[in-house]
Structure formats: structure tokens, C-alpha cells
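Just data34.cif here, mmCIF, C-alpha atoms:
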data_query
loop_
_atom_site.group_PDB
_atom_site.id
_atom_site.type_symbol
_atom_site.label_atom_id
_atom_site.label_comp_id
_atom_site.auth_asym_id
_atom_site.auth_seq_id
_atom_site.Cartn_x
_atom_site.Cartn_y
_atom_site.Cartn_z
ATOM 1 C CA MET H 1 19.861 -16.568 12.332
ATOM 2 C CA ASP H 2 20.718 -13.239 13.898
ATOM 3 C CA PHE H 3 19.990 -14.435 17.416
ATOM 4 C CA LEU H 4 22.989 -16.779 17.317
ATOM 5 C CA PHE H 5 25.324 -13.801 17.588
ATOM 6 C CA ASN H 6 26.246 -11.279 20.235
ATOM 7 C CA VAL H 7 25.581 -8.639 17.600
ATOM 8 C CA PRO H 8 26.683 -5.484 19.491
ATOM 9 C CA GLN H 9 30.044 -7.020 20.333
ATOM 10 C CA LEU H 10 30.403 -8.387 16.814
ATOM 11 C CA VAL H 11 29.687 -5.023 15.169
ATOM 12 C CA ALA H 12 31.979 -3.095 17.498
ATOM 13 C CA THR H 13 34.793 -5.596 16.899
ATOM 14 C CA VAL H 14 34.711 -5.985 13.123
ATOM 15 C CA GLY H 15 34.423 -2.268 12.276
ATOM 16 C CA TYR H 16 33.628 -0.844 8.838
ATOM 17 C CA LEU H 17 35.434 -3.537 6.837
ATOM 18 C CA GLY H 18 33.788 -6.329 8.773
ATOM 19 C CA ILE H 19 30.348 -4.744 8.373
ATOM 20 C CA PHE H 20 30.895 -4.445 4.610
ATOM 21 C CA THR H 21 31.976 -8.102 4.361
ATOM 22 C CA ILE H 22 29.084 -9.437 6.425
ATOM 23 C CA ILE H 23 26.447 -7.426 4.556
ATOM 24 C CA PHE H 24 27.972 -8.373 1.193
ATOM 25 C CA LEU H 25 27.864 -12.096 2.014
ATOM 26 C CA GLU H 26 24.467 -11.968 3.706
ATOM 27 C CA SER H 27 22.791 -9.953 0.962
ATOM 28 C CA GLY H 28 23.167 -12.045 -2.150
ATOM 29 C CA MET H 29 25.512 -14.936 -1.476
ATOM 30 C CA VAL H 30 23.880 -18.186 -0.352
ATOM 31 C CA VAL H 31 26.865 -19.026 1.868
ATOM 32 C CA GLY H 32 26.075 -15.981 4.011
ATOM 33 C CA PHE H 33 22.446 -16.812 4.830
ATOM 34 C CA PHE H 34 23.307 -17.491 8.492
ATOM 35 C CA LEU H 35 25.001 -14.126 9.079
ATOM 36 C CA PRO H 36 23.233 -11.271 10.909
ATOM 37 C CA GLY H 37 21.643 -8.715 8.607
ATOM 38 C CA ASP H 38 18.786 -6.642 10.010
ATOM 39 C CA SER H 39 20.123 -6.839 13.544
ATOM 40 C CA LEU H 40 23.585 -5.803 12.360
ATOM 41 C CA LEU H 41 22.208 -2.692 10.639
ATOM 42 C CA PHE H 42 20.094 -1.760 13.638
ATOM 43 C CA THR H 43 22.931 -2.289 16.106
ATOM 44 C CA ALA H 44 25.412 -0.410 13.916
ATOM 45 C CA GLY H 45 22.971 2.499 13.887
ATOM 46 C CA ILE H 46 22.827 2.490 17.693
ATOM 47 C CA LEU H 47 26.622 2.360 17.941
ATOM 48 C CA ALA H 48 26.839 5.263 15.478
ATOM 49 C CA SER H 49 24.576 7.299 17.765
ATOM 50 C CA GLN H 50 27.092 6.660 20.545
ATOM 51 C CA GLY H 51 30.036 7.834 18.465
ATOM 52 C CA HIS H 52 31.498 4.454 17.508
ATOM 53 C CA PHE H 53 30.861 5.045 13.793
ATOM 54 C CA SER H 54 30.180 7.941 11.442
ATOM 55 C CA ILE H 55 26.521 7.536 10.467
ATOM 56 C CA VAL H 56 27.131 8.933 6.958
ATOM 57 C CA LEU H 57 30.081 6.630 6.254
ATOM 58 C CA LEU H 58 28.184 3.715 7.799
ATOM 59 C CA LEU H 59 25.175 4.246 5.523
ATOM 60 C CA ILE H 60 27.400 4.440 2.443
ATOM 61 C CA ILE H 61 29.282 1.258 3.348
ATOM 62 C CA ILE H 62 26.127 -0.719 4.101
ATOM 63 C CA PHE H 63 24.394 0.462 0.924
ATOM 64 C CA VAL H 64 27.358 -0.359 -1.324
ATOM 65 C CA ALA H 65 27.820 -3.773 0.328
ATOM 66 C CA ALA H 66 24.127 -4.618 -0.020
ATOM 67 C CA VAL H 67 23.937 -3.659 -3.701
ATOM 68 C CA ALA H 68 27.267 -5.326 -4.516
ATOM 69 C CA GLY H 69 26.241 -8.520 -2.706
ATOM 70 C CA ASP H 70 22.984 -8.799 -4.636
ATOM 71 C CA SER H 71 24.789 -8.066 -7.911
ATOM 72 C CA ALA H 72 27.344 -10.783 -7.203
ATOM 73 C CA GLY H 73 24.560 -13.237 -6.426
ATOM 74 C CA TYR H 74 22.820 -12.379 -9.690
ATOM 75 C CA ALA H 75 26.059 -12.815 -11.649
ATOM 76 C CA LEU H 76 26.668 -16.254 -10.124
ATOM 77 C CA GLY H 77 23.119 -17.349 -10.883
ATOM 78 C CA ALA H 78 23.279 -16.077 -14.465
ATOM 79 C CA LYS H 79 26.629 -17.755 -15.124
ATOM 80 C CA PHE H 80 26.264 -21.135 -13.439
ATOM 81 C CA GLY H 81 22.515 -21.606 -12.929
ATOM 82 C CA PRO H 82 21.472 -22.507 -16.493
ATOM 83 C CA LYS H 83 24.363 -24.977 -16.770
ATOM 84 C CA VAL H 84 23.033 -26.881 -13.770
ATOM 85 C CA PHE H 85 19.606 -27.216 -15.377
ATOM 86 C CA GLU H 86 21.131 -28.336 -18.688
ATOM 87 C CA ARG H 87 22.918 -31.323 -17.144
ATOM 88 C CA LYS H 88 21.269 -34.576 -18.187
ATOM 89 C CA ASN H 89 21.769 -36.230 -14.789
ATOM 90 C CA ALA H 90 20.344 -33.296 -12.809
ATOM 91 C CA GLN H 91 17.215 -34.963 -11.417
ATOM 92 C CA SER H 92 16.278 -32.124 -9.049
ATOM 93 C CA PHE H 93 16.902 -29.338 -11.574
ATOM 94 C CA LYS H 94 14.498 -29.855 -14.447
ATOM 95 C CA LYS H 95 14.214 -27.466 -17.381
ATOM 96 C CA SER H 96 10.597 -26.844 -16.406
ATOM 97 C CA HIS H 97 11.858 -25.371 -13.123
ATOM 98 C CA LEU H 98 14.109 -23.018 -15.053
ATOM 99 C CA ASP H 99 11.204 -21.978 -17.294
ATOM 100 C CA SER H 100 9.091 -21.343 -14.201
ATOM 101 C CA ALA H 101 11.829 -19.181 -12.678
ATOM 102 C CA LYS H 102 12.060 -17.133 -15.877
ATOM 103 C CA ALA H 103 8.298 -16.622 -15.973
ATOM 104 C CA TYR H 104 8.152 -15.670 -12.293
ATOM 105 C CA TYR H 105 10.932 -13.082 -12.462
ATOM 106 C CA SER H 106 9.480 -11.686 -15.656
ATOM 107 C CA HIS H 107 6.246 -10.846 -13.815
ATOM 108 C CA TYR H 108 7.157 -10.469 -10.141
ATOM 109 C CA GLY H 109 10.905 -9.807 -10.208
ATOM 110 C CA PRO H 110 10.902 -6.118 -9.185
ATOM 111 C CA ILE H 111 8.699 -6.458 -6.086
ATOM 112 C CA THR H 112 10.485 -9.674 -5.115
ATOM 113 C CA ILE H 113 13.906 -8.020 -5.224
ATOM 114 C CA VAL H 114 12.721 -5.166 -2.994
ATOM 115 C CA MET H 115 10.702 -7.259 -0.517
ATOM 116 C CA ALA H 116 13.458 -9.857 -0.136
ATOM 117 C CA ARG H 117 15.700 -7.179 1.370
ATOM 118 C CA PHE H 118 13.623 -7.285 4.532
ATOM 119 C CA MET H 119 13.481 -11.084 4.828
ATOM 120 C CA PRO H 120 16.426 -12.994 6.363
ATOM 121 C CA ILE H 121 17.699 -16.022 4.412
ATOM 122 C CA VAL H 122 15.382 -15.135 1.492
ATOM 123 C CA ARG H 123 17.509 -12.112 0.548
ATOM 124 C CA ALA H 124 20.546 -14.403 0.203
ATOM 125 C CA ILE H 125 18.732 -16.601 -2.325
ATOM 126 C CA VAL H 126 16.547 -14.257 -4.396
ATOM 127 C CA PRO H 127 19.375 -12.512 -6.351
ATOM 128 C CA LEU H 128 20.837 -15.898 -7.295
ATOM 129 C CA LEU H 129 17.461 -17.089 -8.571
ATOM 130 C CA ALA H 130 16.976 -13.809 -10.436
ATOM 131 C CA GLY H 131 20.202 -14.562 -12.291
ATOM 132 C CA VAL H 132 19.137 -18.149 -12.952
ATOM 133 C CA GLY H 133 15.780 -16.904 -14.229
ATOM 134 C CA LYS H 134 17.513 -14.420 -16.546
ATOM 135 C CA MET H 135 15.677 -11.410 -15.121
ATOM 136 C CA GLN H 136 16.486 -8.377 -17.278
ATOM 137 C CA TYR H 137 19.654 -6.977 -15.729
ATOM 138 C CA SER H 138 18.710 -3.306 -16.061
ATOM 139 C CA THR H 139 15.487 -4.006 -14.164
ATOM 140 C CA PHE H 140 17.349 -6.033 -11.558
ATOM 141 C CA VAL H 141 19.887 -3.261 -10.968
ATOM 142 C CA THR H 142 17.164 -0.626 -10.616
ATOM 143 C CA TYR H 143 15.260 -2.528 -7.937
ATOM 144 C CA ASN H 144 18.449 -3.794 -6.351
ATOM 145 C CA VAL H 145 19.490 -0.181 -5.747
ATOM 146 C CA LEU H 146 15.990 0.798 -4.595
ATOM 147 C CA GLY H 147 15.695 -2.130 -2.203
ATOM 148 C CA GLY H 148 19.225 -1.631 -0.905
ATOM 149 C CA ALA H 149 18.552 2.034 -0.195
ATOM 150 C CA LEU H 150 15.248 1.385 1.572
ATOM 151 C CA TRP H 151 16.735 -1.395 3.699
ATOM 152 C CA THR H 152 19.886 0.532 4.584
ATOM 153 C CA LEU H 153 18.137 3.768 5.496
ATOM 154 C CA SER H 154 15.134 2.334 7.346
ATOM 155 C CA VAL H 155 16.836 -0.200 9.601
ATOM 156 C CA THR H 156 20.105 1.654 10.236
ATOM 157 C CA LEU H 157 18.485 5.029 10.880
ATOM 158 C CA LEU H 158 15.901 3.398 13.161
ATOM 159 C CA GLY H 159 18.764 2.234 15.366
ATOM 160 C CA TYR H 160 20.483 5.616 15.099
ATOM 161 C CA PHE H 161 17.427 7.674 16.071
ATOM 162 C CA LEU H 162 16.451 5.323 18.911
ATOM 163 C CA GLY H 163 20.026 5.439 20.139
ATOM 164 C CA ASN H 164 19.817 9.225 20.275
ATOM 165 C CA SER H 165 16.376 9.402 21.877
ATOM 166 C CA VAL H 166 16.105 6.413 24.261
ATOM 167 C CA PRO H 167 18.356 6.526 27.348
ATOM 168 C CA HIS H 168 20.454 3.380 27.874
ATOM 169 C CA ILE H 169 19.137 1.833 24.659
ATOM 170 C CA GLU H 170 21.859 -0.827 24.908
ATOM 171 C CA ARG H 171 19.859 -2.485 27.682
ATOM 172 C CA TYR H 172 17.063 -3.216 25.225
ATOM 173 C CA ILE H 173 19.096 -4.314 22.208
ATOM 174 C CA VAL H 174 18.457 -8.050 22.642
ATOM 175 C CA PRO H 175 14.624 -7.874 22.876
ATOM 176 C CA ILE H 176 14.524 -5.310 20.056
ATOM 177 C CA ILE H 177 16.657 -7.549 17.844
ATOM 178 C CA ILE H 178 14.389 -10.504 18.601
ATOM 179 C CA GLY H 179 11.423 -8.327 17.632
ATOM 180 C CA ILE H 180 13.112 -7.321 14.372
ATOM 181 C CA VAL H 181 13.835 -10.966 13.518
ATOM 182 C CA VAL H 182 10.224 -11.967 14.219
ATOM 183 C CA LEU H 183 8.825 -9.064 12.191
ATOM 184 C CA SER H 184 11.127 -9.824 9.259
ATOM 185 C CA PHE H 185 9.609 -13.295 8.907
ATOM 186 C CA ILE H 186 6.003 -12.050 8.914
ATOM 187 C CA PRO H 187 5.848 -11.331 5.128
ATOM 188 C CA ALA H 188 6.974 -14.892 4.364
ATOM 189 C CA ILE H 189 4.466 -16.373 6.810
ATOM 190 C CA VAL H 190 1.641 -14.273 5.386
ATOM 191 C CA ARG H 191 2.588 -15.329 1.846
ATOM 192 C CA ILE H 192 2.586 -19.024 2.817
ATOM 193 C CA ILE H 193 -0.800 -18.756 4.528
ATOM 194 C CA THR H 194 -2.249 -16.830 1.582
ATOM 195 C CA ASN H 195 -0.996 -19.399 -0.928
ATOM 196 C CA ASN H 196 -2.450 -22.253 1.127
ATOM 197 C CA LEU H 197 -5.824 -20.510 1.311
ATOM 198 C CA HIS H 198 -5.830 -19.958 -2.459
ATOM 199 C CA LYS H 199 -5.012 -23.631 -3.064
ATOM 200 C CA LYS H 200 -7.845 -24.760 -0.799
ATOM 201 C CA ALA H 201 -10.235 -22.357 -2.492
#
Go ahead and render the structure in this file as C-alpha cells.
Amino acid sequence: MDFLFNVPQLVATVGYLGIFTIIFLESGMVVGFFLPGDSLLFTAGILASQGHFSIVLLLIIIFVAAVAGDSAGYALGAKFGPKVFERKNAQSFKKSHLDSAKAYYSHYGPITIVMARFMPIVRAIVPLLAGVGKMQYSTFVTYNVLGGALWTLSVTLLGYFLGNSVPHIERYIVPIIIGIVVLSFIPAIVRIITNNLHKKA
């Protein structure tokens, strides 16, 4: 939902604390699924190239917020998720769904945690489901840190280096952000198409 925001103005206004809060909520808390993520990192990188932020401090803040947000989402899922499935009147949350979640995260948890970092909305849900599915916490933390580092460095530094090398990059922020949003949904679209083809086969 990044396109709903004037991201450059938002980033410049909220500063380091605001960036931390937004990334924390958008990373692993379902309530933050509508907040800008990829576009915020990219724009913050551009603003850092123009002297609005320290790129080193910015990278640290974004990384810590991303990892902490996912960890909080996992903790919420681990604490409250199983209780939801154990309720007798929970028609939509059957125990078989919980068993499926456990089996999925046992096999595909690591790659899912990393890939979800680059997919809007999905990254706000995956840590919660990892907690519900009781993914081994040490494994979760390892790939949470790996995914957080890859996401933080790739998207933020892309904005930073383009800001330093492309004159008047601010003129192109909107189309670039739209491109980033479109690209971030490609893995999900490919996965859906692939699954449908397998089912038909």
C-alpha cells in the first residue's frame, strides 16, 4: 500500500524515530500491513545521499526495527495463536490448519522468512504464522536476521547509491517507487501461477 503515501515527505517528517516505528509495525505486526516498507527504505536511502540522514545510523535503525518487528510478530503468534485454534467454537481455525502450519514451517520456514521480507503485506503476516506454527525459534531468529540484513542493505543502499549518482533523482521517486511495489509482488504472483499449474497437472 506504499502508493497511498507521499513517502518522501513522510520520511523527511518522521525522522529516525518515525522510521523505526513504521518499519517495526510493517515488518511483523499485522496492524502495520498498510504502512510503506520498501518505498520507505528506498526513499530514506535517497534522503541520506542528500544529507538528511546518516546512512550508517539509518541502516542500523532500519535493521534493528525490522528484526525486532518480526520477533514481536513471532512472539504474538506463539503466545496467542495456539489458543485460538484450541477454542471449541472457532469454526475458521481448525486444529488441522494448525498442524498444516507446523508442517509447512518445519520444511519451508527458513526460505519463507527471508523471501517474505521483500513482499509487502506478506512480511507482516509470515512472522505471526511462524509463531503459530511453532517454528524452532533459533532457526527463526537466524533467518530473521539474515532476511532483515538483506532487505535493509539492498533496498536502502539502492536508494543511497542512485541518489549519489543520478542528478535530480527526486524527480523520479514516484515512478521508481511504483516500480518497486510492482516488482515486490512478482514472487507472490509467480508462486500463485505455479501452484495453479501444478494443481491442473
task = Compare H:Val174, H:Val14, H:Ile55, H:Ala68 by their minimum atom-to-atom distance to H:Leu153, counting all atoms listed in the file, and give me the closest one.
result = H:Ile55
request  = Could you please determine the separation between atom CA of H:Leu183 and atom CA of H:Val132 in Å, to one decimal place?
outcome  = 28.7 Å
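What separates atom CA of H:Gly51 from atom CA of H:Pro167 is a distance of 14.7 Å.
Minimum distance to H:Ile178 across H:Leu157, H:Ile121, H:Ala48, H:Val7 (counting all atoms listed in the file) occurs at H:Val7.
Note that atom CA of H:Phe24 and atom CA of H:Val64 are 8.4 Å apart.
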message = Excluding stretch 32-41 of chain H and its own-chain neighbours fewer than 3 positions away, which residues fall within 9 Å of it when counting only C-alpha atoms? Please give them as a count of residues only.
response = 42
Quick check on the file I pasted: which residues fall under the PyMOL selection byres ((chain H and resi 71) around 10)? Write them as an mmCIF file with C-alpha atoms, in the coordinates of the input.
data_model
loop_
_atom_site.group_PDB
_atom_site.id
_atom_site.type_symbol
_atom_site.label_atom_id
_atom_site.label_comp_id
_atom_site.auth_asym_id
_atom_site.auth_seq_id
_atom_site.Cartn_x
_atom_site.Cartn_y
_atom_site.Cartn_z
ATOM 1 C CA PHE H 24 27.972 -8.373 1.193
ATOM 2 C CA SER H 27 22.791 -9.953 0.962
ATOM 3 C CA GLY H 28 23.167 -12.045 -2.150
ATOM 4 C CA MET H 29 25.512 -14.936 -1.476
ATOM 5 C CA ALA H 65 27.820 -3.773 0.328
ATOM 6 C CA ALA H 66 24.127 -4.618 -0.020
ATOM 7 C CA VAL H 67 23.937 -3.659 -3.701
ATOM 8 C CA ALA H 68 27.267 -5.326 -4.516
ATOM 9 C CA GLY H 69 26.241 -8.520 -2.706
ATOM 10 C CA ASP H 70 22.984 -8.799 -4.636
ATOM 11 C CA ALA H 72 27.344 -10.783 -7.203
ATOM 12 C CA GLY H 73 24.560 -13.237 -6.426
ATOM 13 C CA TYR H 74 22.820 -12.379 -9.690
ATOM 14 C CA ALA H 75 26.059 -12.815 -11.649
ATOM 15 C CA LEU H 76 26.668 -16.254 -10.124
ATOM 16 C CA GLY H 77 23.119 -17.349 -10.883
ATOM 17 C CA PRO H 127 19.375 -12.512 -6.351
ATOM 18 C CA LEU H 128 20.837 -15.898 -7.295
ATOM 19 C CA GLY H 131 20.202 -14.562 -12.291
ATOM 20 C CA TYR H 137 19.654 -6.977 -15.729
ATOM 21 C CA PHE H 140 17.349 -6.033 -11.558
ATOM 22 C CA VAL H 141 19.887 -3.261 -10.968
ATOM 23 C CA ASN H 144 18.449 -3.794 -6.351
ATOM 24 C CA VAL H 145 19.490 -0.181 -5.747
#
